[in-house]
Every structure is written in C-alpha cells, then in structure tokens.
file my_file-v8.tsv (TSV, N, CA and C atoms)
chain	number	residue	atom	x	y	z
H	255	MET	N	-14.97	41.29	22.51
H	255	MET	CA	-14.30	40.73	21.36
H	255	MET	C	-12.92	40.22	21.77
H	256	VAL	N	-12.51	39.13	21.19
H	256	VAL	CA	-11.19	38.57	21.42
H	256	VAL	C	-10.19	39.34	20.55
H	257	TRP	N	-9.07	39.68	21.14
H	257	TRP	CA	-8.01	40.32	20.38
H	257	TRP	C	-7.03	39.25	19.91
H	258	LEU	N	-6.67	39.31	18.66
H	258	LEU	CA	-5.79	38.31	18.07
H	258	LEU	C	-4.58	38.98	17.43
H	259	VAL	N	-3.46	38.25	17.42
H	259	VAL	CA	-2.26	38.68	16.72
H	259	VAL	C	-1.92	37.60	15.71
H	260	ASP	N	-1.85	37.99	14.45
H	260	ASP	CA	-1.42	37.06	13.41
H	260	ASP	C	0.10	37.12	13.38
H	261	THR	N	0.75	36.06	13.81
H	261	THR	CA	2.20	36.08	13.96
H	261	THR	C	2.96	35.65	12.71
H	262	HIS	N	2.25	35.31	11.64
H	262	HIS	CA	2.97	34.88	10.43
H	262	HIS	C	2.03	34.96	9.24
H	263	CYS	N	2.05	36.10	8.57
H	263	CYS	CA	1.26	36.24	7.35
H	263	CYS	C	2.17	36.78	6.25
H	264	HIS	N	1.75	36.61	5.01
H	264	HIS	CA	2.54	37.06	3.86
H	264	HIS	C	1.73	38.09	3.08
H	265	LEU	N	1.73	39.31	3.56
H	265	LEU	CA	0.95	40.37	2.94
H	265	LEU	C	1.54	40.86	1.63
H	266	ALA	N	2.79	40.53	1.34
H	266	ALA	CA	3.42	40.91	0.08
H	266	ALA	C	3.12	39.92	-1.04
H	267	ASP	N	2.31	38.94	-0.76
H	267	ASP	CA	1.93	37.95	-1.78
H	267	ASP	C	1.28	38.68	-2.96
H	268	PRO	N	1.76	38.46	-4.17
H	268	PRO	CA	1.21	39.15	-5.34
H	268	PRO	C	-0.30	38.97	-5.51
H	269	ARG	N	-0.85	37.88	-5.00
H	269	ARG	CA	-2.30	37.66	-5.11
H	269	ARG	C	-3.11	38.65	-4.30
H	270	LEU	N	-2.47	39.35	-3.37
H	270	LEU	CA	-3.16	40.34	-2.52
H	270	LEU	C	-2.95	41.77	-3.01
H	271	ALA	N	-2.19	41.95	-4.06
H	271	ALA	CA	-1.76	43.29	-4.49
H	271	ALA	C	-2.90	44.29	-4.61
H	272	GLY	N	-4.00	43.93	-5.21
H	272	GLY	CA	-5.08	44.88	-5.40
H	272	GLY	C	-6.09	44.89	-4.27
H	273	ALA	N	-5.89	44.04	-3.28
H	273	ALA	CA	-6.91	43.89	-2.25
H	273	ALA	C	-6.37	44.04	-0.83
H	274	LEU	N	-5.19	44.61	-0.70
H	274	LEU	CA	-4.55	44.65	0.61
H	274	LEU	C	-5.36	45.42	1.64
H	275	ASP	N	-5.92	46.56	1.28
H	275	ASP	CA	-6.76	47.31	2.22
H	275	ASP	C	-7.93	46.45	2.70
H	276	ALA	N	-8.56	45.74	1.78
H	276	ALA	CA	-9.71	44.90	2.14
H	276	ALA	C	-9.28	43.72	3.01
H	277	VAL	N	-8.16	43.11	2.69
H	277	VAL	CA	-7.66	41.97	3.47
H	277	VAL	C	-7.36	42.41	4.90
H	278	ILE	N	-6.65	43.52	5.04
H	278	ILE	CA	-6.31	44.01	6.38
H	278	ILE	C	-7.58	44.47	7.10
H	279	GLY	N	-8.50	45.06	6.38
H	279	GLY	CA	-9.77	45.47	6.97
H	279	GLY	C	-10.56	44.30	7.52
H	280	ARG	N	-10.61	43.20	6.75
H	280	ARG	CA	-11.33	42.00	7.23
H	280	ARG	C	-10.64	41.41	8.46
H	281	ALA	N	-9.32	41.45	8.46
H	281	ALA	CA	-8.60	40.95	9.63
H	281	ALA	C	-8.95	41.78	10.86
H	282	ARG	N	-8.96	43.08	10.71
H	282	ARG	CA	-9.31	43.97	11.82
H	282	ARG	C	-10.72	43.70	12.31
H	283	GLU	N	-11.66	43.56	11.38
H	283	GLU	CA	-13.05	43.30	11.74
H	283	GLU	C	-13.21	41.97	12.48
H	284	SER	N	-12.29	41.05	12.23
H	284	SER	CA	-12.34	39.74	12.88
H	284	SER	C	-11.62	39.71	14.22
H	285	GLY	N	-11.08	40.85	14.63
H	285	GLY	CA	-10.42	40.92	15.93
H	285	GLY	C	-8.91	40.89	15.89
H	286	VAL	N	-8.32	40.87	14.70
H	286	VAL	CA	-6.86	40.88	14.61
H	286	VAL	C	-6.38	42.30	14.88
H	287	VAL	N	-5.61	42.47	15.94
H	287	VAL	CA	-5.15	43.81	16.33
H	287	VAL	C	-3.73	44.09	15.86
H	288	SER	N	-3.01	43.06	15.46
H	288	SER	CA	-1.65	43.24	14.98
H	288	SER	C	-1.29	42.08	14.07
H	289	MET	N	-0.48	42.39	13.05
H	289	MET	CA	-0.04	41.37	12.10
H	289	MET	C	1.47	41.44	11.96
H	290	ILE	N	2.10	40.28	11.96
H	290	ILE	CA	3.52	40.19	11.71
H	290	ILE	C	3.66	39.62	10.30
H	291	ALA	N	3.98	40.51	9.36
H	291	ALA	CA	4.09	40.12	7.96
H	291	ALA	C	5.52	39.67	7.67
H	292	VAL	N	5.65	38.51	7.08
H	292	VAL	CA	6.95	37.91	6.80
H	292	VAL	C	7.24	38.04	5.31
H	293	GLY	N	8.39	38.59	5.01
H	293	GLY	CA	8.85	38.64	3.61
H	293	GLY	C	9.46	37.29	3.27
H	294	ALA	N	10.71	37.27	2.93
H	294	ALA	CA	11.50	36.04	2.80
H	294	ALA	C	10.96	35.05	1.79
H	295	ILE	N	10.19	35.52	0.81
H	295	ILE	CA	9.69	34.59	-0.20
H	295	ILE	C	10.47	34.82	-1.48
H	296	GLY	N	11.49	34.01	-1.70
H	296	GLY	CA	12.20	34.03	-2.97
H	296	GLY	C	13.25	35.11	-3.13
H	297	SER	N	12.88	36.37	-3.00
H	297	SER	CA	13.83	37.43	-3.33
H	297	SER	C	13.72	38.59	-2.35
H	298	ILE	N	14.70	39.47	-2.44
H	298	ILE	CA	14.71	40.64	-1.57
H	298	ILE	C	13.52	41.55	-1.86
H	299	GLU	N	12.95	41.49	-3.06
H	299	GLU	CA	11.80	42.32	-3.38
H	299	GLU	C	10.63	42.02	-2.45
H	300	SER	N	10.46	40.78	-2.07
H	300	SER	CA	9.41	40.41	-1.12
H	300	SER	C	9.64	41.08	0.23
H	301	ASP	N	10.89	41.10	0.67
H	301	ASP	CA	11.22	41.77	1.93
H	301	ASP	C	11.00	43.27	1.82
H	302	ASN	N	11.43	43.86	0.72
H	302	ASN	CA	11.23	45.30	0.51
H	302	ASN	C	9.75	45.66	0.59
H	303	LEU	N	8.92	44.90	-0.12
H	303	LEU	CA	7.49	45.18	-0.13
H	303	LEU	C	6.87	44.96	1.24
H	304	THR	N	7.32	43.95	1.95
H	304	THR	CA	6.80	43.69	3.29
H	304	THR	C	7.08	44.86	4.22
H	305	VAL	N	8.27	45.42	4.15
H	305	VAL	CA	8.60	46.58	4.98
H	305	VAL	C	7.76	47.79	4.55
H	306	GLU	N	7.59	47.99	3.24
H	306	GLU	CA	6.76	49.09	2.76
H	306	GLU	C	5.33	48.97	3.30
H	307	ILE	N	4.79	47.76	3.28
H	307	ILE	CA	3.44	47.53	3.80
H	307	ILE	C	3.39	47.86	5.29
H	308	ALA	N	4.38	47.38	6.04
H	308	ALA	CA	4.41	47.64	7.49
H	308	ALA	C	4.52	49.13	7.78
H	309	GLU	N	5.19	49.86	6.92
H	309	GLU	CA	5.31	51.31	7.12
H	309	GLU	C	4.02	52.04	6.79
H	310	ARG	N	3.13	51.42	6.02
H	310	ARG	CA	1.85	52.04	5.66
H	310	ARG	C	0.74	51.75	6.66
H	311	TYR	N	0.80	50.62	7.33
H	311	TYR	CA	-0.28	50.21	8.23
H	311	TYR	C	0.25	50.15	9.66
H	312	PRO	N	-0.34	50.90	10.57
H	312	PRO	CA	0.20	50.98	11.94
H	312	PRO	C	0.11	49.67	12.73
H	313	ASP	N	-0.75	48.76	12.31
H	313	ASP	CA	-0.89	47.50	13.05
H	313	ASP	C	-0.17	46.33	12.37
H	314	VAL	N	0.69	46.66	11.40
H	314	VAL	CA	1.47	45.63	10.70
H	314	VAL	C	2.95	45.86	10.98
H	315	PHE	N	3.64	44.78	11.33
H	315	PHE	CA	5.08	44.81	11.54
H	315	PHE	C	5.72	43.82	10.58
H	316	ALA	N	7.00	43.98	10.32
H	316	ALA	CA	7.66	43.18	9.30
H	316	ALA	C	8.75	42.27	9.87
H	317	VAL	N	8.89	41.14	9.21
H	317	VAL	CA	10.02	40.24	9.41
H	317	VAL	C	10.66	40.06	8.04
H	318	VAL	N	11.96	40.21	7.98
H	318	VAL	CA	12.69	40.01	6.73
H	318	VAL	C	13.65	38.85	6.91
H	319	GLY	N	14.02	38.21	5.82
H	319	GLY	CA	14.94	37.10	5.95
H	319	GLY	C	15.04	36.29	4.69
H	320	VAL	N	15.50	35.07	4.87
H	320	VAL	CA	15.69	34.14	3.76
H	320	VAL	C	14.97	32.85	4.12
H	321	HIS	N	14.07	32.43	3.26
H	321	HIS	CA	13.37	31.17	3.50
H	321	HIS	C	14.36	30.02	3.42
H	322	PRO	N	14.20	28.99	4.25
H	322	PRO	CA	15.12	27.85	4.21
H	322	PRO	C	15.27	27.23	2.82
H	323	HIS	N	14.22	27.25	2.02
H	323	HIS	CA	14.32	26.71	0.66
H	323	HIS	C	15.28	27.50	-0.21
H	324	ASP	N	15.50	28.77	0.15
H	324	ASP	CA	16.34	29.66	-0.65
H	324	ASP	C	17.70	29.90	-0.02
H	325	ALA	N	18.00	29.24	1.08
H	325	ALA	CA	19.25	29.51	1.82
H	325	ALA	C	20.48	29.27	0.95
H	326	LYS	N	20.41	28.33	0.05
H	326	LYS	CA	21.58	28.03	-0.78
H	326	LYS	C	21.94	29.19	-1.70
H	327	ASP	N	20.98	30.08	-1.96
H	327	ASP	CA	21.21	31.21	-2.85
H	327	ASP	C	21.52	32.51	-2.10
H	328	CYS	N	21.57	32.45	-0.79
H	328	CYS	CA	21.82	33.65	0.00
H	328	CYS	C	23.30	34.03	-0.10
H	329	ASP	N	23.54	35.28	-0.46
H	329	ASP	CA	24.92	35.75	-0.58
H	329	ASP	C	25.13	37.02	0.25
H	330	ALA	N	26.33	37.55	0.20
H	330	ALA	CA	26.67	38.73	0.99
H	330	ALA	C	25.80	39.92	0.62
H	331	ALA	N	25.46	40.07	-0.65
H	331	ALA	CA	24.62	41.20	-1.07
H	331	ALA	C	23.23	41.10	-0.45
H	332	ARG	N	22.68	39.89	-0.40
H	332	ARG	CA	21.35	39.71	0.20
H	332	ARG	C	21.41	40.02	1.70
H	333	LEU	N	22.44	39.55	2.36
H	333	LEU	CA	22.57	39.82	3.79
H	333	LEU	C	22.70	41.31	4.07
H	334	GLU	N	23.45	42.01	3.24
H	334	GLU	CA	23.59	43.46	3.42
H	334	GLU	C	22.25	44.16	3.18
H	335	ALA	N	21.50	43.72	2.18
H	335	ALA	CA	20.18	44.31	1.92
H	335	ALA	C	19.25	44.07	3.11
H	336	LEU	N	19.32	42.89	3.72
H	336	LEU	CA	18.51	42.60	4.90
H	336	LEU	C	18.91	43.49	6.08
H	337	ARG	N	20.20	43.69	6.26
H	337	ARG	CA	20.66	44.58	7.33
H	337	ARG	C	20.10	45.99	7.15
H	338	LYS	N	20.11	46.46	5.91
H	338	LYS	CA	19.59	47.80	5.64
H	338	LYS	C	18.09	47.88	5.92
H	339	LEU	N	17.34	46.87	5.50
H	339	LEU	CA	15.91	46.84	5.78
H	339	LEU	C	15.64	46.81	7.29
H	340	ALA	N	16.48	46.10	8.01
H	340	ALA	CA	16.28	45.94	9.45
H	340	ALA	C	16.45	47.25	10.21
H	341	GLU	N	16.94	48.28	9.55
H	341	GLU	CA	17.05	49.59	10.20
H	341	GLU	C	15.68	50.24	10.39
H	342	SER	N	14.68	49.78	9.66
H	342	SER	CA	13.33	50.32	9.82
H	342	SER	C	12.79	49.95	11.19
H	343	ASN	N	12.14	50.90	11.85
H	343	ASN	CA	11.55	50.58	13.15
H	343	ASN	C	10.31	49.70	13.02
H	344	ARG	N	9.91	49.38	11.82
H	344	ARG	CA	8.78	48.48	11.58
H	344	ARG	C	9.23	47.02	11.48
H	345	VAL	N	10.54	46.79	11.38
H	345	VAL	CA	11.07	45.42	11.32
H	345	VAL	C	11.31	44.95	12.74
H	346	VAL	N	10.63	43.86	13.10
H	346	VAL	CA	10.71	43.34	14.47
H	346	VAL	C	11.51	42.05	14.58
H	347	ALA	N	11.91	41.48	13.43
H	347	ALA	CA	12.69	40.25	13.48
H	347	ALA	C	13.37	40.03	12.14
H	348	ILE	N	14.40	39.22	12.18
H	348	ILE	CA	15.08	38.77	10.97
H	348	ILE	C	15.05	37.26	10.99
H	349	GLY	N	14.56	36.67	9.93
H	349	GLY	CA	14.53	35.23	9.84
H	349	GLY	C	13.24	34.74	9.24
H	350	GLU	N	13.17	33.47	9.00
H	350	GLU	CA	11.97	32.84	8.45
H	350	GLU	C	11.97	31.41	8.93
H	351	THR	N	10.86	30.99	9.45
H	351	THR	CA	10.71	29.60	9.82
H	351	THR	C	9.40	29.13	9.22
H	352	GLY	N	9.31	27.89	9.01
H	352	GLY	CA	8.07	27.36	8.47
H	352	GLY	C	8.19	25.88	8.22
H	353	LEU	N	7.08	25.29	8.00
H	353	LEU	CA	7.04	23.86	7.71
H	353	LEU	C	6.41	23.67	6.33
H	354	ASP	N	7.10	24.16	5.32
H	354	ASP	CA	6.60	24.07	3.95
H	354	ASP	C	7.05	22.73	3.36
H	355	PHE	N	6.16	21.78	3.40
H	355	PHE	CA	6.50	20.46	2.88
H	355	PHE	C	6.08	20.34	1.45
call {"tool": "encode", "arguments": {"input": "my_file-v8.tsv", "output": "structure tokens"}}
result
Amino acid sequence: MVWLVDTHCHLADPRLAGALDAVIGRARESGVVSMIAVGAIGSIESDNLTVEIAERYPDVFAVVGVHPHDAKDCDAARLEALRKLAESNRVVAIGETGLDF
C-alpha cells in the first residue's frame, strides 16, 4: 500500500462535525498515514477546534493562522491567541496559504 500524507485539510469544517471519525477512518483506509489539519478559516474558533482535533487523533497535526482573506481583521488579540495555541505539541506550523479564487 502507498503511504500518503494529506498536507492541507480542514477537519474543523462544520460539515464534518458529526462524521469526523468516519472521515478520518476513510482516509486511513485509503493509505493516508498523517494529516495536517489547517484552521485559519474566519475566526480563532476554527483554530481552537483544529488543535482539539489534532489532540484527539494521533495521526493528525494542526496548523493555526490567519487566512489571507481575513488578514485585514487580524489584531493583537488574535495573534496572542495563536501564540497560545502554538504551545501545543500538536501544532506543527503557523500560517495559511492557499489559492482560493
């Protein structure tokens, strides 16, 4: 079997809320051995949930940050909240990149 790493997924998406175990299970069955879940969607709550998910699943790691579309709304409080989240050993990066056209 081929081992795969999903380097950019959004497991905190509200559409996955009731099906997260199944989603991660299907990924594992398909050969995904590790997932890098990115928060950074709209608000700090997305980052919080992403870290919580990474802390529950041993093969999920978190990235927290601010999406470029939301950069204009980033303030000192958000940056401090991100610093605090980054203290988790499940957070492997800070930032968000994407080509959301």
call {"tool": "select_by_dssp", "arguments": {"input": "my_file-v8.tsv", "residues": "chain H", "states": "strand (DSSP E or B)", "output": "list of chain:residue names"}}
result
H:Leu258, H:Val259, H:Asp260, H:Thr261, H:His262, H:Cys263, H:Val286, H:Val287, H:Ser288, H:Met289, H:Ile290, H:Ala291, H:Val292, H:Val314, H:Phe315, H:Ala316, H:Val317, H:Val318, H:Val345, H:Val346, H:Ala347, H:Ile348
call {"tool": "write_last_selection", "arguments": {"input": "my_file-v8.tsv", "atoms": "N, CA and C atoms", "output": "PDB file, keeping the file's coordinate frame"}}
result
ATOM      1  N   LEU H 258      -6.670  39.310  18.660  1.00  0.00           N
ATOM      2  CA  LEU H 258      -5.790  38.310  18.070  1.00  0.00           C
ATOM      3  C   LEU H 258      -4.580  38.980  17.430  1.00  0.00           C
ATOM      4  N   VAL H 259      -3.460  38.250  17.420  1.00  0.00           N
ATOM      5  CA  VAL H 259      -2.260  38.680  16.720  1.00  0.00           C
ATOM      6  C   VAL H 259      -1.920  37.600  15.710  1.00  0.00           C
ATOM      7  N   ASP H 260      -1.850  37.990  14.450  1.00  0.00           N
ATOM      8  CA  ASP H 260      -1.420  37.060  13.410  1.00  0.00           C
ATOM      9  C   ASP H 260       0.100  37.120  13.380  1.00  0.00           C
ATOM     10  N   THR H 261       0.750  36.060  13.810  1.00  0.00           N
ATOM     11  CA  THR H 261       2.200  36.080  13.960  1.00  0.00           C
ATOM     12  C   THR H 261       2.960  35.650  12.710  1.00  0.00           C
ATOM     13  N   HIS H 262       2.250  35.310  11.640  1.00  0.00           N
ATOM     14  CA  HIS H 262       2.970  34.880  10.430  1.00  0.00           C
ATOM     15  C   HIS H 262       2.030  34.960   9.240  1.00  0.00           C
ATOM     16  N   CYS H 263       2.050  36.100   8.570  1.00  0.00           N
ATOM     17  CA  CYS H 263       1.260  36.240   7.350  1.00  0.00           C
ATOM     18  C   CYS H 263       2.170  36.780   6.250  1.00  0.00           C
ATOM     19  N   VAL H 286      -8.320  40.870  14.700  1.00  0.00           N
ATOM     20  CA  VAL H 286      -6.860  40.880  14.610  1.00  0.00           C
ATOM     21  C   VAL H 286      -6.380  42.300  14.880  1.00  0.00           C
ATOM     22  N   VAL H 287      -5.610  42.470  15.940  1.00  0.00           N
ATOM     23  CA  VAL H 287      -5.150  43.810  16.330  1.00  0.00           C
ATOM     24  C   VAL H 287      -3.730  44.090  15.860  1.00  0.00           C
ATOM     25  N   SER H 288      -3.010  43.060  15.460  1.00  0.00           N
ATOM     26  CA  SER H 288      -1.650  43.240  14.980  1.00  0.00           C
ATOM     27  C   SER H 288      -1.290  42.080  14.070  1.00  0.00           C
ATOM     28  N   MET H 289      -0.480  42.390  13.050  1.00  0.00           N
ATOM     29  CA  MET H 289      -0.040  41.370  12.100  1.00  0.00           C
ATOM     30  C   MET H 289       1.470  41.440  11.960  1.00  0.00           C
ATOM     31  N   ILE H 290       2.100  40.280  11.960  1.00  0.00           N
ATOM     32  CA  ILE H 290       3.520  40.190  11.710  1.00  0.00           C
ATOM     33  C   ILE H 290       3.660  39.620  10.300  1.00  0.00           C
ATOM     34  N   ALA H 291       3.980  40.510   9.360  1.00  0.00           N
ATOM     35  CA  ALA H 291       4.090  40.120   7.960  1.00  0.00           C
ATOM     36  C   ALA H 291       5.520  39.670   7.670  1.00  0.00           C
ATOM     37  N   VAL H 292       5.650  38.510   7.080  1.00  0.00           N
ATOM     38  CA  VAL H 292       6.950  37.910   6.800  1.00  0.00           C
ATOM     39  C   VAL H 292       7.240  38.040   5.310  1.00  0.00           C
ATOM     40  N   VAL H 314       0.690  46.660  11.400  1.00  0.00           N
ATOM     41  CA  VAL H 314       1.470  45.630  10.700  1.00  0.00           C
ATOM     42  C   VAL H 314       2.950  45.860  10.980  1.00  0.00           C
ATOM     43  N   PHE H 315       3.640  44.780  11.330  1.00  0.00           N
ATOM     44  CA  PHE H 315       5.080  44.810  11.540  1.00  0.00           C
ATOM     45  C   PHE H 315       5.720  43.820  10.580  1.00  0.00           C
ATOM     46  N   ALA H 316       7.000  43.980  10.320  1.00  0.00           N
ATOM     47  CA  ALA H 316       7.660  43.180   9.300  1.00  0.00           C
ATOM     48  C   ALA H 316       8.750  42.270   9.870  1.00  0.00           C
ATOM     49  N   VAL H 317       8.890  41.140   9.210  1.00  0.00           N
ATOM     50  CA  VAL H 317      10.020  40.240   9.410  1.00  0.00           C
ATOM     51  C   VAL H 317      10.660  40.060   8.040  1.00  0.00           C
ATOM     52  N   VAL H 318      11.960  40.210   7.980  1.00  0.00           N
ATOM     53  CA  VAL H 318      12.690  40.010   6.730  1.00  0.00           C
ATOM     54  C   VAL H 318      13.650  38.850   6.910  1.00  0.00           C
ATOM     55  N   VAL H 345      10.540  46.790  11.380  1.00  0.00           N
ATOM     56  CA  VAL H 345      11.070  45.420  11.320  1.00  0.00           C
ATOM     57  C   VAL H 345      11.310  44.950  12.740  1.00  0.00           C
ATOM     58  N   VAL H 346      10.630  43.860  13.100  1.00  0.00           N
ATOM     59  CA  VAL H 346      10.710  43.340  14.470  1.00  0.00           C
ATOM     60  C   VAL H 346      11.510  42.050  14.580  1.00  0.00           C
ATOM     61  N   ALA H 347      11.910  41.480  13.430  1.00  0.00           N
ATOM     62  CA  ALA H 347      12.690  40.250  13.480  1.00  0.00           C
ATOM     63  C   ALA H 347      13.370  40.030  12.140  1.00  0.00           C
ATOM     64  N   ILE H 348      14.400  39.220  12.180  1.00  0.00           N
ATOM     65  CA  ILE H 348      15.080  38.770  10.970  1.00  0.00           C
ATOM     66  C   ILE H 348      15.050  37.260  10.990  1.00  0.00           C
TER      67      ILE H 348
END
call {"tool": "select_by_dssp", "arguments": {"input": "my_file-v8.tsv", "residues": "chain H", "states": "alpha helix (DSSP H)", "output": "PyMOL selection string"}}
result
chain H and resi 274-283+298-310+330-339
call {"tool": "atom_distance", "arguments": {"input": "my_file-v8.tsv", "atom1": "atom N of Arg344 (chain H)", "atom2": "atom C of Ala308 (chain H)"}}
result
6.7 Å
call {"tool": "residues_around", "arguments": {"input": "my_file-v8.tsv", "residues": "Asp324 (chain H)", "least_positions_apart": "6", "cutoff": "8 Å", "atoms": "all atoms listed in the file", "output": "short mmCIF file (atom, residue, chain, number, x, y, z; two decimals) with N, CA and C atoms, in the frame of the given file"}}
result
data_model
loop_
_atom_site.label_atom_id
_atom_site.label_comp_id
_atom_site.auth_asym_id
_atom_site.auth_seq_id
_atom_site.Cartn_x
_atom_site.Cartn_y
_atom_site.Cartn_z
N ALA H 294 10.71 37.27 2.93
CA ALA H 294 11.50 36.04 2.80
C ALA H 294 10.96 35.05 1.79
N ILE H 295 10.19 35.52 0.81
CA ILE H 295 9.69 34.59 -0.20
C ILE H 295 10.47 34.82 -1.48
N GLY H 296 11.49 34.01 -1.70
CA GLY H 296 12.20 34.03 -2.97
C GLY H 296 13.25 35.11 -3.13
N SER H 297 12.88 36.37 -3.00
CA SER H 297 13.83 37.43 -3.33
C SER H 297 13.72 38.59 -2.35
#
call {"tool": "atom_distance", "arguments": {"input": "my_file-v8.tsv", "atom1": "atom N of Ala330 (chain H)", "atom2": "atom C of Ile298 (chain H)"}}
result
13.6 Å
call {"tool": "closest_residue", "arguments": {"input": "my_file-v8.tsv", "among": "H:Gly285, H:Gly279, H:Pro312, H:Gly293", "to": "Leu265 (chain H)", "atoms": "only C-alpha atoms"}}
result
H:Gly293
call {"tool": "closest_residue", "arguments": {"input": "my_file-v8.tsv", "among": "H:Val314, H:Cys328, H:His321, H:Ala266", "to": "Glu299 (chain H)", "atoms": "all atoms listed in the file"}}
result
H:Ala266
call {"tool": "closest_residue", "arguments": {"input": "my_file-v8.tsv", "among": "H:Glu350, H:Glu341, H:Glu306, H:Asp267", "to": "His323 (chain H)", "atoms": "only C-alpha atoms"}}
result
H:Glu350
call {"tool": "residues_around", "arguments": {"input": "my_file-v8.tsv", "residues": "Val318 (chain H)", "least_positions_apart": "4", "cutoff": "8 Å", "atoms": "only C-alpha atoms", "output": "ChimeraX atom specification"}}
result
/H:292-294,301,304-305,336,339-340,345,347-350
call {"tool": "atom_distance", "arguments": {"input": "my_file-v8.tsv", "atom1": "CA of Asn343 (chain H)", "atom2": "CA of Pro322 (chain H)"}}
result
24.7 Å
call {"tool": "residues_around", "arguments": {"input": "my_file-v8.tsv", "residues": "Arg332 (chain H)", "least_positions_apart": "5", "cutoff": "8 Å", "atoms": "all atoms listed in the file", "output": "MDAnalysis selection string"}}
result
chainID H and resid 298 319 327 337:338
call {"tool": "closest_residue", "arguments": {"input": "my_file-v8.tsv", "among": "H:Val256, H:Ser342, H:Ala316, H:Lys326", "to": "Ser284 (chain H)", "atoms": "all atoms listed in the file"}}
result
H:Val256
call {"tool": "build_atoms", "arguments": {"input": "my_file-v8.tsv", "residues": "region 326-332 of chain H", "atoms": "all heavy atoms", "output": "PDB file, in the frame of the given file"}}
result
ATOM      1  N   LYS H 326      20.410  28.330   0.050  1.00  0.00           N
ATOM      2  CA  LYS H 326      21.580  28.030  -0.780  1.00  0.00           C
ATOM      3  C   LYS H 326      21.940  29.190  -1.700  1.00  0.00           C
ATOM      4  O   LYS H 326      23.071  29.302  -2.160  1.00  0.00           O
ATOM      5  CB  LYS H 326      21.326  26.763  -1.598  1.00  0.00           C
ATOM      6  CG  LYS H 326      20.241  26.908  -2.640  1.00  0.00           C
ATOM      7  CD  LYS H 326      19.930  25.587  -3.335  1.00  0.00           C
ATOM      8  CE  LYS H 326      18.830  25.692  -4.349  1.00  0.00           C
ATOM      9  NZ  LYS H 326      17.685  26.520  -4.018  1.00  0.00           N
ATOM     10  N   ASP H 327      20.980  30.080  -1.960  1.00  0.00           N
ATOM     11  CA  ASP H 327      21.210  31.210  -2.850  1.00  0.00           C
ATOM     12  C   ASP H 327      21.520  32.510  -2.100  1.00  0.00           C
ATOM     13  O   ASP H 327      21.724  33.544  -2.732  1.00  0.00           O
ATOM     14  CB  ASP H 327      19.973  31.437  -3.734  1.00  0.00           C
ATOM     15  CG  ASP H 327      19.658  30.219  -4.587  1.00  0.00           C
ATOM     16  OD1 ASP H 327      20.598  29.601  -5.111  1.00  0.00           O
ATOM     17  OD2 ASP H 327      18.459  29.888  -4.712  1.00  0.00           O
ATOM     18  N   CYS H 328      21.570  32.450  -0.790  1.00  0.00           N
ATOM     19  CA  CYS H 328      21.820  33.650   0.000  1.00  0.00           C
ATOM     20  C   CYS H 328      23.300  34.030  -0.100  1.00  0.00           C
ATOM     21  O   CYS H 328      24.175  33.208   0.124  1.00  0.00           O
ATOM     22  CB  CYS H 328      21.432  33.416   1.459  1.00  0.00           C
ATOM     23  SG  CYS H 328      21.581  34.900   2.464  1.00  0.00           S
ATOM     24  N   ASP H 329      23.540  35.280  -0.460  1.00  0.00           N
ATOM     25  CA  ASP H 329      24.920  35.750  -0.580  1.00  0.00           C
ATOM     26  C   ASP H 329      25.130  37.020   0.250  1.00  0.00           C
ATOM     27  O   ASP H 329      24.210  37.500   0.914  1.00  0.00           O
ATOM     28  CB  ASP H 329      25.282  35.975  -2.046  1.00  0.00           C
ATOM     29  CG  ASP H 329      24.366  36.981  -2.732  1.00  0.00           C
ATOM     30  OD1 ASP H 329      23.622  37.710  -2.043  1.00  0.00           O
ATOM     31  OD2 ASP H 329      24.406  37.052  -3.975  1.00  0.00           O
ATOM     32  N   ALA H 330      26.330  37.550   0.200  1.00  0.00           N
ATOM     33  CA  ALA H 330      26.670  38.730   0.990  1.00  0.00           C
ATOM     34  C   ALA H 330      25.800  39.920   0.620  1.00  0.00           C
ATOM     35  O   ALA H 330      25.409  40.710   1.502  1.00  0.00           O
ATOM     36  CB  ALA H 330      28.148  39.065   0.819  1.00  0.00           C
ATOM     37  N   ALA H 331      25.460  40.070  -0.650  1.00  0.00           N
ATOM     38  CA  ALA H 331      24.620  41.200  -1.070  1.00  0.00           C
ATOM     39  C   ALA H 331      23.230  41.100  -0.450  1.00  0.00           C
ATOM     40  O   ALA H 331      22.664  42.105  -0.005  1.00  0.00           O
ATOM     41  CB  ALA H 331      24.527  41.249  -2.591  1.00  0.00           C
ATOM     42  N   ARG H 332      22.680  39.890  -0.400  1.00  0.00           N
ATOM     43  CA  ARG H 332      21.350  39.710   0.200  1.00  0.00           C
ATOM     44  C   ARG H 332      21.410  40.020   1.700  1.00  0.00           C
ATOM     45  O   ARG H 332      20.524  40.670   2.247  1.00  0.00           O
ATOM     46  CB  ARG H 332      20.863  38.269  -0.030  1.00  0.00           C
ATOM     47  CG  ARG H 332      19.530  37.911   0.610  1.00  0.00           C
ATOM     48  CD  ARG H 332      18.348  38.451  -0.162  1.00  0.00           C
ATOM     49  NE  ARG H 332      17.065  38.149   0.438  1.00  0.00           N
ATOM     50  CZ  ARG H 332      16.261  37.170   0.078  1.00  0.00           C
ATOM     51  NH1 ARG H 332      16.608  36.347  -0.892  1.00  0.00           N
ATOM     52  NH2 ARG H 332      15.106  37.005   0.667  1.00  0.00           N
TER      53      ARG H 332
END
